[in-house]
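**Student:** Sharing model23.pdb here; it has PDB, N, CA and C atoms.
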```pdb
ATOM      1  N   MET L   1       0.835  -1.169   0.000
ATOM      2  CA  MET L   1       0.000   0.000   0.000
ATOM      3  C   MET L   1       0.886   1.240   0.000
ATOM      4  N   SER L   2       0.511   2.228  -0.763
ATOM      5  CA  SER L   2       1.305   3.446  -0.824
ATOM      6  C   SER L   2       0.385   4.662  -0.767
ATOM      7  N   THR L   3       0.986   5.808  -0.458
ATOM      8  CA  THR L   3       0.262   7.072  -0.457
ATOM      9  C   THR L   3       1.058   8.056  -1.286
ATOM     10  N   ASN L   4       0.409   8.677  -2.257
ATOM     11  CA  ASN L   4       1.034   9.683  -3.109
ATOM     12  C   ASN L   4       0.806  11.070  -2.522
ATOM     13  N   TYR L   5       1.764  11.958  -2.768
ATOM     14  CA  TYR L   5       1.692  13.326  -2.272
ATOM     15  C   TYR L   5       1.845  14.299  -3.432
ATOM     16  N   TYR L   6       1.160  15.437  -3.304
ATOM     17  CA  TYR L   6       1.097  16.419  -4.381
ATOM     18  C   TYR L   6       1.293  17.828  -3.839
ATOM     19  N   ALA L   7       1.798  18.696  -4.700
ATOM     20  CA  ALA L   7       1.847  20.140  -4.441
ATOM     21  C   ALA L   7       0.939  20.788  -5.472
ATOM     22  N   PHE L   8       0.225  21.818  -5.059
ATOM     23  CA  PHE L   8      -0.600  22.579  -5.999
ATOM     24  C   PHE L   8       0.253  23.703  -6.574
ATOM     25  N   VAL L   9       0.519  23.621  -7.877
ATOM     26  CA  VAL L   9       1.368  24.584  -8.563
ATOM     27  C   VAL L   9       0.545  25.243  -9.667
ATOM     28  N   GLU L  10       0.325  26.535  -9.520
ATOM     29  CA  GLU L  10      -0.462  27.292 -10.497
ATOM     30  C   GLU L  10      -1.778  26.586 -10.821
ATOM     31  N   GLY L  11      -2.445  26.111  -9.780
ATOM     32  CA  GLY L  11      -3.743  25.465  -9.937
ATOM     33  C   GLY L  11      -3.696  24.016 -10.354
ATOM     34  N   ASN L  12      -2.502  23.470 -10.593
ATOM     35  CA  ASN L  12      -2.365  22.072 -11.005
ATOM     36  C   ASN L  12      -1.802  21.231  -9.870
ATOM     37  N   LYS L  13      -2.288  20.011  -9.772
ATOM     38  CA  LYS L  13      -1.797  19.068  -8.775
ATOM     39  C   LYS L  13      -0.574  18.360  -9.355
ATOM     40  N   VAL L  14       0.600  18.570  -8.745
ATOM     41  CA  VAL L  14       1.865  18.016  -9.244
ATOM     42  C   VAL L  14       2.358  16.949  -8.268
ATOM     43  N   HIS L  15       2.581  15.742  -8.777
ATOM     44  CA  HIS L  15       3.066  14.631  -7.944
ATOM     45  C   HIS L  15       4.473  14.933  -7.456
ATOM     46  N   ILE L  16       4.664  14.883  -6.135
ATOM     47  CA  ILE L  16       6.000  15.153  -5.585
ATOM     48  C   ILE L  16       6.628  13.934  -4.935
ATOM     49  N   GLY L  17       5.867  12.843  -4.818
ATOM     50  CA  GLY L  17       6.454  11.630  -4.287
ATOM     51  C   GLY L  17       5.432  10.710  -3.661
ATOM     52  N   LYS L  18       5.946   9.568  -3.158
ATOM     53  CA  LYS L  18       5.048   8.623  -2.499
ATOM     54  C   LYS L  18       5.768   7.890  -1.384
ATOM     55  N   ARG L  19       4.948   7.442  -0.479
ATOM     56  CA  ARG L  19       5.433   6.646   0.641
ATOM     57  C   ARG L  19       4.776   5.283   0.526
ATOM     58  N   SER L  20       5.588   4.243   0.473
ATOM     59  CA  SER L  20       5.093   2.877   0.371
ATOM     60  C   SER L  20       5.616   2.075   1.547
ATOM     61  N   GLY L  21       4.762   1.243   2.093
ATOM     62  CA  GLY L  21       5.169   0.412   3.216
ATOM     63  C   GLY L  21       6.404  -0.407   2.899
ATOM     64  N   GLY L  22       7.396  -0.348   3.755
ATOM     65  CA  GLY L  22       8.623  -1.114   3.574
ATOM     66  C   GLY L  22       9.696  -0.424   2.762
ATOM     67  N   TRP L  23       9.349   0.678   2.080
ATOM     68  CA  TRP L  23      10.298   1.386   1.238
ATOM     69  C   TRP L  23      10.530   2.787   1.785
ATOM     70  N   SER L  24      11.648   3.374   1.483
ATOM     71  CA  SER L  24      11.907   4.762   1.851
ATOM     72  C   SER L  24      11.037   5.677   1.002
ATOM     73  N   PHE L  25      10.789   6.904   1.485
ATOM     74  CA  PHE L  25       9.983   7.851   0.724
ATOM     75  C   PHE L  25      10.638   8.068  -0.635
ATOM     76  N   SER L  26       9.824   8.062  -1.692
ATOM     77  CA  SER L  26      10.326   8.214  -3.061
ATOM     78  C   SER L  26       9.914   9.575  -3.607
ATOM     79  N   TRP L  27      10.894  10.394  -3.924
ATOM     80  CA  TRP L  27      10.649  11.736  -4.452
ATOM     81  C   TRP L  27      10.469  11.714  -5.955
ATOM     82  N   ASN L  28       9.621  12.596  -6.456
ATOM     83  CA  ASN L  28       9.411  12.770  -7.890
ATOM     84  C   ASN L  28       9.765  14.222  -8.206
ATOM     85  N   PHE L  29      10.935  14.450  -8.774
ATOM     86  CA  PHE L  29      11.396  15.811  -9.064
ATOM     87  C   PHE L  29      10.910  16.303 -10.425
ATOM     88  N   GLN L  30      10.026  15.531 -11.092
ATOM     89  CA  GLN L  30       9.468  15.933 -12.379
ATOM     90  C   GLN L  30      10.575  16.352 -13.356
ATOM     91  N   ASN L  31      11.553  15.433 -13.535
ATOM     92  CA  ASN L  31      12.719  15.708 -14.401
ATOM     93  C   ASN L  31      13.443  16.983 -13.993
ATOM     94  N   ASN L  32      13.595  17.169 -12.700
ATOM     95  CA  ASN L  32      14.291  18.316 -12.083
ATOM     96  C   ASN L  32      13.616  19.658 -12.342
ATOM     97  N   LYS L  33      12.354  19.629 -12.706
ATOM     98  CA  LYS L  33      11.617  20.874 -12.911
ATOM     99  C   LYS L  33      11.465  21.654 -11.606
ATOM    100  N   TYR L  34      11.385  20.933 -10.488
ATOM    101  CA  TYR L  34      11.179  21.581  -9.191
ATOM    102  C   TYR L  34      12.336  21.330  -8.229
ATOM    103  N   TYR L  35      13.495  20.916  -8.751
ATOM    104  CA  TYR L  35      14.606  20.590  -7.857
ATOM    105  C   TYR L  35      15.942  20.965  -8.497
ATOM    106  N   PHE L  36      16.748  21.678  -7.736
ATOM    107  CA  PHE L  36      18.120  21.975  -8.162
ATOM    108  C   PHE L  36      19.095  21.525  -7.084
ATOM    109  N   ASP L  37      18.686  21.706  -5.839
ATOM    110  CA  ASP L  37      19.431  21.245  -4.680
ATOM    111  C   ASP L  37      18.462  21.170  -3.516
ATOM    112  N   LEU L  38      18.921  20.703  -2.373
ATOM    113  CA  LEU L  38      18.032  20.524  -1.232
ATOM    114  C   LEU L  38      17.388  21.840  -0.797
ATOM    115  N   ALA L  39      18.142  22.930  -0.822
ATOM    116  CA  ALA L  39      17.582  24.236  -0.436
ATOM    117  C   ALA L  39      16.462  24.653  -1.391
ATOM    118  N   SER L  40      16.639  24.420  -2.696
ATOM    119  CA  SER L  40      15.594  24.793  -3.650
ATOM    120  C   SER L  40      14.347  23.923  -3.468
ATOM    121  N   LEU L  41      14.534  22.655  -3.099
ATOM    122  CA  LEU L  41      13.394  21.784  -2.845
ATOM    123  C   LEU L  41      12.584  22.316  -1.667
ATOM    124  N   LEU L  42      13.260  22.641  -0.582
ATOM    125  CA  LEU L  42      12.561  23.169   0.594
ATOM    126  C   LEU L  42      11.865  24.490   0.287
ATOM    127  N   LYS L  43      12.509  25.343  -0.492
ATOM    128  CA  LYS L  43      11.901  26.616  -0.880
ATOM    129  C   LYS L  43      10.652  26.367  -1.723
ATOM    130  N   PHE L  44      10.739  25.448  -2.688
ATOM    131  CA  PHE L  44       9.593  25.103  -3.528
ATOM    132  C   PHE L  44       8.433  24.608  -2.671
ATOM    133  N   LEU L  45       8.710  23.662  -1.779
ATOM    134  CA  LEU L  45       7.654  23.083  -0.954
ATOM    135  C   LEU L  45       7.020  24.119  -0.031
ATOM    136  N   SER L  46       7.823  25.038   0.483
ATOM    137  CA  SER L  46       7.301  26.035   1.422
ATOM    138  C   SER L  46       6.343  27.021   0.756
ATOM    139  N   LYS L  47       6.368  27.101  -0.551
ATOM    140  CA  LYS L  47       5.531  28.056  -1.280
ATOM    141  C   LYS L  47       4.244  27.444  -1.843
ATOM    142  N   HIS L  48       4.034  26.148  -1.622
ATOM    143  CA  HIS L  48       2.883  25.477  -2.219
ATOM    144  C   HIS L  48       2.103  24.673  -1.183
ATOM    145  N   GLU L  49       0.816  24.531  -1.446
ATOM    146  CA  GLU L  49      -0.009  23.677  -0.611
ATOM    147  C   GLU L  49       0.334  22.230  -0.920
ATOM    148  N   ILE L  50       0.369  21.392   0.124
ATOM    149  CA  ILE L  50       0.715  19.983  -0.015
ATOM    150  C   ILE L  50      -0.495  19.155   0.415
ATOM    151  N   CYS L  51      -0.773  18.084  -0.324
ATOM    152  CA  CYS L  51      -1.853  17.182   0.064
ATOM    153  C   CYS L  51      -1.477  15.756  -0.317
ATOM    154  N   ASP L  52      -2.207  14.817   0.277
ATOM    155  CA  ASP L  52      -2.021  13.429  -0.131
ATOM    156  C   ASP L  52      -3.062  13.089  -1.202
ATOM    157  N   GLU L  53      -3.072  11.860  -1.650
ATOM    158  CA  GLU L  53      -3.958  11.466  -2.746
ATOM    159  C   GLU L  53      -5.440  11.521  -2.373
ATOM    160  N   TYR L  54      -5.714  11.624  -1.078
ATOM    161  CA  TYR L  54      -7.096  11.743  -0.617
ATOM    162  C   TYR L  54      -7.483  13.206  -0.390
ATOM    163  N   LEU L  55      -6.608  14.101  -0.850
ATOM    164  CA  LEU L  55      -6.776  15.558  -0.735
ATOM    165  C   LEU L  55      -6.792  16.046   0.706
ATOM    166  N   ARG L  56      -6.128  15.295   1.590
ATOM    167  CA  ARG L  56      -5.930  15.759   2.969
ATOM    168  C   ARG L  56      -4.753  16.714   2.946
ATOM    169  N   MET L  57      -5.013  17.960   3.325
ATOM    170  CA  MET L  57      -3.987  18.991   3.288
ATOM    171  C   MET L  57      -3.043  18.834   4.477
ATOM    172  N   MET L  58      -1.792  19.262   4.279
ATOM    173  CA  MET L  58      -0.826  19.250   5.371
ATOM    174  C   MET L  58       0.134  20.415   5.207
ATOM    175  N   LYS L  59       0.672  20.851   6.314
ATOM    176  CA  LYS L  59       1.661  21.923   6.294
ATOM    177  C   LYS L  59       2.918  21.385   5.621
ATOM    178  N   TRP L  60       3.591  22.261   4.882
ATOM    179  CA  TRP L  60       4.769  21.809   4.132
ATOM    180  C   TRP L  60       5.832  21.249   5.058
ATOM    181  N   TYR L  61       5.993  21.841   6.252
ATOM    182  CA  TYR L  61       7.047  21.371   7.161
ATOM    183  C   TYR L  61       6.689  20.020   7.772
ATOM    184  N   ASP L  62       5.392  19.714   7.946
ATOM    185  CA  ASP L  62       4.996  18.387   8.406
ATOM    186  C   ASP L  62       5.265  17.349   7.314
ATOM    187  N   PHE L  63       4.981  17.736   6.074
ATOM    188  CA  PHE L  63       5.273  16.841   4.948
ATOM    189  C   PHE L  63       6.768  16.551   4.867
ATOM    190  N   VAL L  64       7.594  17.592   4.915
ATOM    191  CA  VAL L  64       9.050  17.424   4.820
ATOM    192  C   VAL L  64       9.556  16.547   5.958
ATOM    193  N   SER L  65       9.057  16.777   7.156
ATOM    194  CA  SER L  65       9.471  15.965   8.298
ATOM    195  C   SER L  65       9.159  14.491   8.062
ATOM    196  N   MET L  66       7.951  14.200   7.583
ATOM    197  CA  MET L  66       7.569  12.818   7.307
ATOM    198  C   MET L  66       8.434  12.237   6.192
ATOM    199  N   ALA L  67       8.571  12.963   5.090
ATOM    200  CA  ALA L  67       9.270  12.438   3.921
ATOM    201  C   ALA L  67      10.765  12.226   4.171
ATOM    202  N   MET L  68      11.370  13.092   4.950
ATOM    203  CA  MET L  68      12.820  13.004   5.122
ATOM    204  C   MET L  68      13.248  12.161   6.316
ATOM    205  N   THR L  69      12.326  11.831   7.186
ATOM    206  CA  THR L  69      12.728  11.056   8.358
ATOM    207  C   THR L  69      12.163   9.652   8.363
ATOM    208  N   TRP L  70      11.136   9.385   7.551
ATOM    209  CA  TRP L  70      10.527   8.064   7.586
ATOM    210  C   TRP L  70      11.374   7.059   6.837
ATOM    211  N   THR L  71      11.732   6.032   7.534
ATOM    212  CA  THR L  71      12.379   4.886   6.920
ATOM    213  C   THR L  71      12.127   3.697   7.841
ATOM    214  N   PRO L  72      11.916   2.539   7.314
ATOM    215  CA  PRO L  72      11.652   1.377   8.165
ATOM    216  C   PRO L  72      12.820   1.079   9.095
ATOM    217  N   ASP L  73      12.520   0.503  10.238
ATOM    218  CA  ASP L  73      13.546   0.125  11.211
ATOM    219  C   ASP L  73      14.143  -1.209  10.770
ATOM    220  N   THR L  74      15.261  -1.127  10.064
ATOM    221  CA  THR L  74      15.883  -2.350   9.530
ATOM    222  C   THR L  74      16.518  -3.204  10.620
ATOM    223  N   SER L  75      16.667  -2.656  11.836
ATOM    224  CA  SER L  75      17.244  -3.443  12.928
ATOM    225  C   SER L  75      16.177  -4.257  13.668
ATOM    226  N   SER L  76      14.909  -3.999  13.367
ATOM    227  CA  SER L  76      13.818  -4.719  14.020
ATOM    228  C   SER L  76      13.801  -6.175  13.573
ATOM    229  N   PRO L  77      13.566  -7.105  14.496
ATOM    230  CA  PRO L  77      13.482  -8.516  14.092
ATOM    231  C   PRO L  77      12.285  -8.789  13.173
ATOM    232  N   ASP L  78      11.304  -7.878  13.154
ATOM    233  CA  ASP L  78      10.130  -8.039  12.302
ATOM    234  C   ASP L  78      10.336  -7.474  10.896
ATOM    235  N   PHE L  79      11.470  -6.780  10.679
ATOM    236  CA  PHE L  79      11.702  -6.154   9.373
ATOM    237  C   PHE L  79      11.979  -7.209   8.310
ATOM    238  N   ILE L  80      11.326  -7.045   7.163
ATOM    239  CA  ILE L  80      11.568  -7.910   5.999
ATOM    240  C   ILE L  80      11.919  -6.990   4.832
ATOM    241  N   MET L  81      13.092  -7.198   4.262
ATOM    242  CA  MET L  81      13.514  -6.395   3.110
ATOM    243  C   MET L  81      12.589  -6.689   1.936
ATOM    244  N   PRO L  82      11.997  -5.639   1.336
ATOM    245  CA  PRO L  82      11.124  -5.873   0.175
ATOM    246  C   PRO L  82      11.882  -6.562  -0.955
ATOM    247  N   GLU L  83      11.183  -7.389  -1.699
ATOM    248  CA  GLU L  83      11.792  -8.100  -2.823
ATOM    249  C   GLU L  83      12.346  -7.101  -3.832
ATOM    250  N   GLY L  84      13.589  -7.288  -4.246
ATOM    251  CA  GLY L  84      14.227  -6.419  -5.225
ATOM    252  C   GLY L  84      14.837  -5.162  -4.619
ATOM    253  N   ALA L  85      14.807  -5.048  -3.298
ATOM    254  CA  ALA L  85      15.298  -3.831  -2.640
ATOM    255  C   ALA L  85      16.783  -3.910  -2.332
ATOM    256  N   THR L  86      17.396  -2.735  -2.244
ATOM    257  CA  THR L  86      18.784  -2.575  -1.844
ATOM    258  C   THR L  86      18.825  -1.545  -0.722
ATOM    259  N   LEU L  87      19.670  -1.765   0.251
ATOM    260  CA  LEU L  87      19.846  -0.807   1.342
ATOM    261  C   LEU L  87      21.075   0.039   1.035
ATOM    262  N   ILE L  88      20.857   1.353   0.811
ATOM    263  CA  ILE L  88      21.952   2.272   0.492
ATOM    264  C   ILE L  88      21.858   3.469   1.433
ATOM    265  N   ASN L  89      22.885   3.677   2.227
ATOM    266  CA  ASN L  89      22.920   4.797   3.171
ATOM    267  C   ASN L  89      21.649   4.874   4.010
ATOM    268  N   GLY L  90      21.137   3.743   4.438
ATOM    269  CA  GLY L  90      19.938   3.713   5.264
ATOM    270  C   GLY L  90      18.632   3.814   4.500
ATOM    271  N   LEU L  91      18.693   3.998   3.176
ATOM    272  CA  LEU L  91      17.488   4.081   2.364
ATOM    273  C   LEU L  91      17.239   2.739   1.680
ATOM    274  N   ILE L  92      15.987   2.329   1.642
ATOM    275  CA  ILE L  92      15.619   1.080   1.003
ATOM    276  C   ILE L  92      15.040   1.424  -0.363
ATOM    277  N   ILE L  93      15.772   1.063  -1.417
ATOM    278  CA  ILE L  93      15.361   1.459  -2.764
ATOM    279  C   ILE L  93      15.482   0.292  -3.744
ATOM    280  N   ASP L  94      14.854   0.457  -4.883
ATOM    281  CA  ASP L  94      15.002  -0.431  -6.030
ATOM    282  C   ASP L  94      15.891   0.337  -7.011
ATOM    283  N   GLU L  95      17.134  -0.092  -7.154
ATOM    284  CA  GLU L  95      18.105   0.650  -7.969
ATOM    285  C   GLU L  95      17.723   0.738  -9.446
ATOM    286  N   LYS L  96      16.823  -0.117  -9.911
ATOM    287  CA  LYS L  96      16.379  -0.030 -11.304
ATOM    288  C   LYS L  96      15.466   1.173 -11.510
ATOM    289  N   LYS L  97      14.727   1.552 -10.461
ATOM    290  CA  LYS L  97      13.736   2.618 -10.572
ATOM    291  C   LYS L  97      14.119   3.917  -9.860
ATOM    292  N   TYR L  98      15.055   3.842  -8.925
ATOM    293  CA  TYR L  98      15.379   4.999  -8.088
ATOM    294  C   TYR L  98      16.881   5.211  -7.980
ATOM    295  N   THR L  99      17.241   6.424  -7.620
ATOM    296  CA  THR L  99      18.633   6.771  -7.374
ATOM    297  C   THR L  99      18.682   7.629  -6.112
ATOM    298  N   ILE L 100      19.869   7.865  -5.598
ATOM    299  CA  ILE L 100      20.023   8.696  -4.416
ATOM    300  C   ILE L 100      20.599  10.046  -4.844
ATOM    301  N   ILE L 101      19.908  11.126  -4.489
ATOM    302  CA  ILE L 101      20.374  12.487  -4.751
ATOM    303  C   ILE L 101      20.282  13.263  -3.449
ATOM    304  N   ASP L 102      21.388  13.838  -3.008
ATOM    305  CA  ASP L 102      21.431  14.587  -1.746
ATOM    306  C   ASP L 102      20.821  13.809  -0.588
ATOM    307  N   GLY L 103      21.033  12.499  -0.565
ATOM    308  CA  GLY L 103      20.525  11.671   0.523
ATOM    309  C   GLY L 103      19.044  11.346   0.432
ATOM    310  N   LEU L 104      18.417  11.670  -0.712
ATOM    311  CA  LEU L 104      17.000  11.396  -0.911
ATOM    312  C   LEU L 104      16.825  10.314  -1.977
ATOM    313  N   CYS L 105      15.824   9.477  -1.799
ATOM    314  CA  CYS L 105      15.480   8.457  -2.787
ATOM    315  C   CYS L 105      14.644   9.129  -3.868
ATOM    316  N   VAL L 106      15.143   9.154  -5.105
ATOM    317  CA  VAL L 106      14.499   9.893  -6.196
ATOM    318  C   VAL L 106      14.185   8.948  -7.347
ATOM    319  N   ALA L 107      12.957   9.035  -7.845
ATOM    320  CA  ALA L 107      12.532   8.190  -8.966
ATOM    321  C   ALA L 107      13.267   8.625 -10.237
ATOM    322  N   LYS L 108      13.640   7.633 -11.038
ATOM    323  CA  LYS L 108      14.284   7.909 -12.330
ATOM    324  C   LYS L 108      13.256   8.304 -13.386
ATOM    325  N   SER L 109      11.987   7.987 -13.148
ATOM    326  CA  SER L 109      10.903   8.313 -14.065
ATOM    327  C   SER L 109       9.906   9.218 -13.345
ATOM    328  N   ILE L 110       9.177  10.036 -14.078
ATOM    329  CA  ILE L 110       8.167  10.867 -13.420
ATOM    330  C   ILE L 110       6.861  10.106 -13.241
ATOM    331  N   ASN L 111       6.736   8.959 -13.870
ATOM    332  CA  ASN L 111       5.503   8.153 -13.771
ATOM    333  C   ASN L 111       5.753   6.923 -12.923
ATOM    334  N   PHE L 112       5.386   7.024 -11.666
ATOM    335  CA  PHE L 112       5.513   5.858 -10.777
ATOM    336  C   PHE L 112       4.437   5.873  -9.727
TER     337      PHE L 112
END
```
What is this structure when it is put down as structure tokens?

**Tutor:**
Amino acid sequence: MSTNYYAFVEGNKVHIGKRSGGWSFSWNFQNNKYYFDLASLLKFLSKHEICDEYLRMMKWYDFVSMAMTWTPDTSSPDFIMPEGATLINGLIIDEKKYTIIDGLCVAKSINF
């Protein structure tokens, strides 16, 4: 199960990432349209309304806190590594679909 997150940009809902059980938060930089570095990402997010796929609104700083700090507890005896996953710098990713940029798990495609 996953939850997608969006920013409202000029009246349009723009996918900014998703959180899936067992995986690290996955960012969607829309082919770097909204990302140049970590500071620019935070500036972008602070200027837009953020919501999840159910249109539940959230403050940008609550979203950033969730997205940048959530990662499964890999030291837990109950943790099971998702099939096809790799652990890189504490992030659980699928290297075929994602890469690490500035310590964030980023999708290689804008459609995920």

**Student:** For Ile50 of chain L, find every residue with an atom within 6 Å (counting all atoms listed in the file), except residues of its own chain fewer than 5 positions away, and show them as a PDB file with N, CA and C atoms, keeping the file's coordinate frame.

**Tutor:**
```pdb
ATOM      1  N   TYR L   6       1.160  15.437  -3.304  1.00  0.00           N
ATOM      2  CA  TYR L   6       1.097  16.419  -4.381  1.00  0.00           C
ATOM      3  C   TYR L   6       1.293  17.828  -3.839  1.00  0.00           C
ATOM      4  N   ALA L   7       1.798  18.696  -4.700  1.00  0.00           N
ATOM      5  CA  ALA L   7       1.847  20.140  -4.441  1.00  0.00           C
ATOM      6  C   ALA L   7       0.939  20.788  -5.472  1.00  0.00           C
ATOM      7  N   PHE L   8       0.225  21.818  -5.059  1.00  0.00           N
ATOM      8  CA  PHE L   8      -0.600  22.579  -5.999  1.00  0.00           C
ATOM      9  C   PHE L   8       0.253  23.703  -6.574  1.00  0.00           C
ATOM     10  N   ARG L  56      -6.128  15.295   1.590  1.00  0.00           N
ATOM     11  CA  ARG L  56      -5.930  15.759   2.969  1.00  0.00           C
ATOM     12  C   ARG L  56      -4.753  16.714   2.946  1.00  0.00           C
ATOM     13  N   MET L  57      -5.013  17.960   3.325  1.00  0.00           N
ATOM     14  CA  MET L  57      -3.987  18.991   3.288  1.00  0.00           C
ATOM     15  C   MET L  57      -3.043  18.834   4.477  1.00  0.00           C
ATOM     16  N   MET L  58      -1.792  19.262   4.279  1.00  0.00           N
ATOM     17  CA  MET L  58      -0.826  19.250   5.371  1.00  0.00           C
ATOM     18  C   MET L  58       0.134  20.415   5.207  1.00  0.00           C
ATOM     19  N   TRP L  60       3.591  22.261   4.882  1.00  0.00           N
ATOM     20  CA  TRP L  60       4.769  21.809   4.132  1.00  0.00           C
ATOM     21  C   TRP L  60       5.832  21.249   5.058  1.00  0.00           C
TER      22      TRP L  60
END
```

**Student:** Skip segment 69-79 of chain L itself and residues of its chain fewer than 5 positions away, then list as a PyMOL selection string all residues within 6 Å of it, counting only N, CA and C atoms.

**Tutor:** chain L and resi 22-25+64

**Student:** Tell me, in Å to one decimal, how far atom CA of Pro82 of chain L is from atom CA of Asn31 of chain L.

**Tutor:**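 Those two atoms sit 26.1 Å apart.
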
**Student:** How many Å separate atom C of Gly90 of chain L from atom CA of Thr3 of chain L?

**Tutor:**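 Interatomic distance here is 19.3 Å.
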
**Student:** Report as number ranges by chain: the residues of chain L with a DSSP assignment of helix (DSSP H, G or I), based on the backbone of this structure.

**Tutor:** L: 38-46, 60-69

**Student:** So that I can check the surroundings of Gly103 of chain L, please list as an mmCIF file with N, CA and C atoms, keeping the file's coordinate frame every protein, DNA and RNA residue that reaches within 8 Å of it, counting all atoms listed in the file and ignoring chain neighbours fewer than 4 positions away.

**Tutor:**
```
data_model
loop_
_atom_site.group_PDB
_atom_site.id
_atom_site.type_symbol
_atom_site.label_atom_id
_atom_site.label_comp_id
_atom_site.auth_asym_id
_atom_site.auth_seq_id
_atom_site.Cartn_x
_atom_site.Cartn_y
_atom_site.Cartn_z
ATOM 1 N N MET L 68 11.370 13.092 4.950
ATOM 2 C CA MET L 68 12.820 13.004 5.122
ATOM 3 C C MET L 68 13.248 12.161 6.316
ATOM 4 N N ASN L 89 22.885 3.677 2.227
ATOM 5 C CA ASN L 89 22.920 4.797 3.171
ATOM 6 C C ASN L 89 21.649 4.874 4.010
ATOM 7 N N LEU L 91 18.693 3.998 3.176
ATOM 8 C CA LEU L 91 17.488 4.081 2.364
ATOM 9 C C LEU L 91 17.239 2.739 1.680
ATOM 10 N N THR L 99 17.241 6.424 -7.620
ATOM 11 C CA THR L 99 18.633 6.771 -7.374
ATOM 12 C C THR L 99 18.682 7.629 -6.112
#
```

**Student:** In Å to one decimal, how far is atom CA of Ile16 of chain L from atom CA of Cys105 of chain L?

**Tutor:** 11.9 Å

**Student:** Around segment 76-82 of chain L, with edges along x, y and z and 3 Å added on all six sides, what centre and edge lengths do you get, in Å to one decimal, as lines of an AutoDock Vina configuration file?

**Tutor:**
```
center_x = 12.5
center_y = -6.4
center_z = 6.8
size_x = 10.8
size_y = 10.8
size_z = 21.5
```

**Student:** Can you check which residues of chain L DSSP gives as strand (DSSP E) on the backbone and send them as a VMD selection string?

**Tutor:** chain L and resid 2 to 9 12 to 20 26 to 27 50 to 52 57 to 58 86 to 88 91 to 93 98 to 101 104 to 107

**Student:** Gln30 of chain L: which residues within 6 Å, counting only N, CA and C atoms, same-chain residues fewer than 3 positions away excluded, as a list in words?

**Tutor:**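 That gives Lys33, Tyr34 and Ile110 of chain L.
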
**Student:** Which residues match the PyMOL selection byres ((chain L and resi 1) around 6.5) in the file above, as a list in words?

**Tutor:** Ser2, Thr3, Arg19, Ser20 and Gly21 of chain L
